[in-house]
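Student: Shown below is the structure under consideration.
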Amino acid sequence: MVWQPDTLTFSLKTTPRLANALRRYIMDRVPVFALDKVVVYENHTPYFDEYIAHRIGQIPITTPDKDVKAEEVGFYLDAIGPKVVHSEELKSNNDDVKVAVEGIPIVTLSEGQSLRVEGYVAKGIGRKHAKFQAAVVSYEEKDGIYNFSVETIGHMDAKRVVKTAIKELLNDLKGLKESLKMM
């Protein structure tokens, strides 16, 4: 498998509540692209369509910095055995949105077996479904300092994940502040 995880480590002097809020926002609130709908046109494998669709849906997709409409991005795969079908065989109609991790096996095709599918992208957050989780994060506290370790899934680089999580947290706090003014 060809994948170099993108990690970021940093330290913060903060409260336990804020450290945990940041951890949760990094894992659950950073919007990323994922294959959300898979249409199976031809499946001459021993696996159910739903099984193959689920495997394809878990493959990380890059989420570009620029504004790309998810509904305009599609992927296709057309494979004939004998071979092992890998993630990089999913081809995108958009050069900015592609499979983030190559070498993930999808299915093994025997002689005469074939698979033809299309996948459609959606933007979501990890709180909605694991396929939208941008990173895993942990921290440890020592003498009031929180040492964070962030490892991305592949949708975007770790620095961008953390910046986006902070932006989302600040937006939610701003919304809370506005709501409290109305009371």
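Quick note on naming: the chains in the structure tokens go A, B, ... in the order shown, residues restart at 1 in each chain, and ligands are numbered from 1 in order of appearance.
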Which of range 16-159 of chain A end up as helix (DSSP H, G or I) when DSSP is run on this backbone - answer as a count of residues only?

Tutor: 33

Student: Just want the 12 Å neighbourhood of Tyr47 in chain A, counted on only C-alpha atoms, with same-chain residues fewer than 6 positions away dropped. Output as a list in words.

Tutor: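 Here the qualifying residues turn out to be Val40, Ala53, His54, Arg55, Ile106, Val107, Thr108, Leu109, Gln113, Ser114 and Leu115 of chain A.
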
Student: Would you mind telling me which residue in A:Gln58, A:Ser138, A:Thr45, A:Thr63 lies nearest to Val84 in chain A when using only C-alpha atoms?

Tutor: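 Residue with the minimum atom-to-atom distance to Val84 in chain A: A:Thr45.
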
Student: As a PyMOL selection string, please: every residue in chain A that DSSP puts in strand (DSSP E or B).

Tutor: chain A and resi 2+7-13+32-43+61+74-80+83-86+91-92+99+102+105-109+114-124+135-142+145-152

Student: Which residues are close to range 151-155 of chain A, i.e. within 8 Å by only C-alpha atoms, leaving aside same-chain residues fewer than 4 positions away? Reply as a ChimeraX atom specification.

Tutor: /A:5-8,32-33,60-63,100-101,133-137,161

Student: Grab the residues selected above and save them as a PDB file, in the first residue's frame with C-alpha atoms.

Tutor:
```
ATOM      1  CA  PRO A   5       0.204   9.468   6.780  1.00  0.00           C
ATOM      2  CA  ASP A   6       0.220  13.193   7.264  1.00  0.00           C
ATOM      3  CA  THR A   7       0.713  13.923  10.939  1.00  0.00           C
ATOM      4  CA  LEU A   8       0.960  17.054  13.011  1.00  0.00           C
ATOM      5  CA  VAL A  32     -14.558  16.497   3.594  1.00  0.00           C
ATOM      6  CA  PHE A  33     -15.551  14.669   0.409  1.00  0.00           C
ATOM      7  CA  PRO A  60     -10.595   8.421   1.276  1.00  0.00           C
ATOM      8  CA  ILE A  61     -11.138  11.087  -1.394  1.00  0.00           C
ATOM      9  CA  THR A  62      -9.105  14.301  -1.577  1.00  0.00           C
ATOM     10  CA  THR A  63     -10.901  17.477  -0.597  1.00  0.00           C
ATOM     11  CA  ALA A 100      -6.343   9.895  -1.670  1.00  0.00           C
ATOM     12  CA  VAL A 101      -4.853   6.494  -0.832  1.00  0.00           C
ATOM     13  CA  GLN A 133     -13.823  11.662   9.239  1.00  0.00           C
ATOM     14  CA  ALA A 134     -10.828  13.813   8.265  1.00  0.00           C
ATOM     15  CA  ALA A 135      -8.393  12.687  10.977  1.00  0.00           C
ATOM     16  CA  VAL A 136      -7.793  10.819  14.174  1.00  0.00           C
ATOM     17  CA  VAL A 137      -6.451  12.821  17.079  1.00  0.00           C
ATOM     18  CA  VAL A 161      -7.550  19.846   9.169  1.00  0.00           C
TER      19      VAL A 161
END
```

Student: Just the residues within 7 Å of Pro105 in chain A, please, counting only C-alpha atoms, with nothing from its chain fewer than 3 positions along; format it as number ranges by chain.

Tutor: A: 84-87

Student: With C-alpha atoms retained, write the just-selected residues as a CSV table (one decimal), in the first residue's frame.

Tutor:
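Saved result, result-v5.csv, follows:
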```
chain,number,residue,atom,x,y,z
A,84,VAL,CA,-7.2,-7.5,-7.7
A,85,VAL,CA,-9.0,-4.3,-8.1
A,86,HIS,CA,-7.4,-1.5,-6.1
A,87,SER,CA,-8.5,2.0,-5.1
```
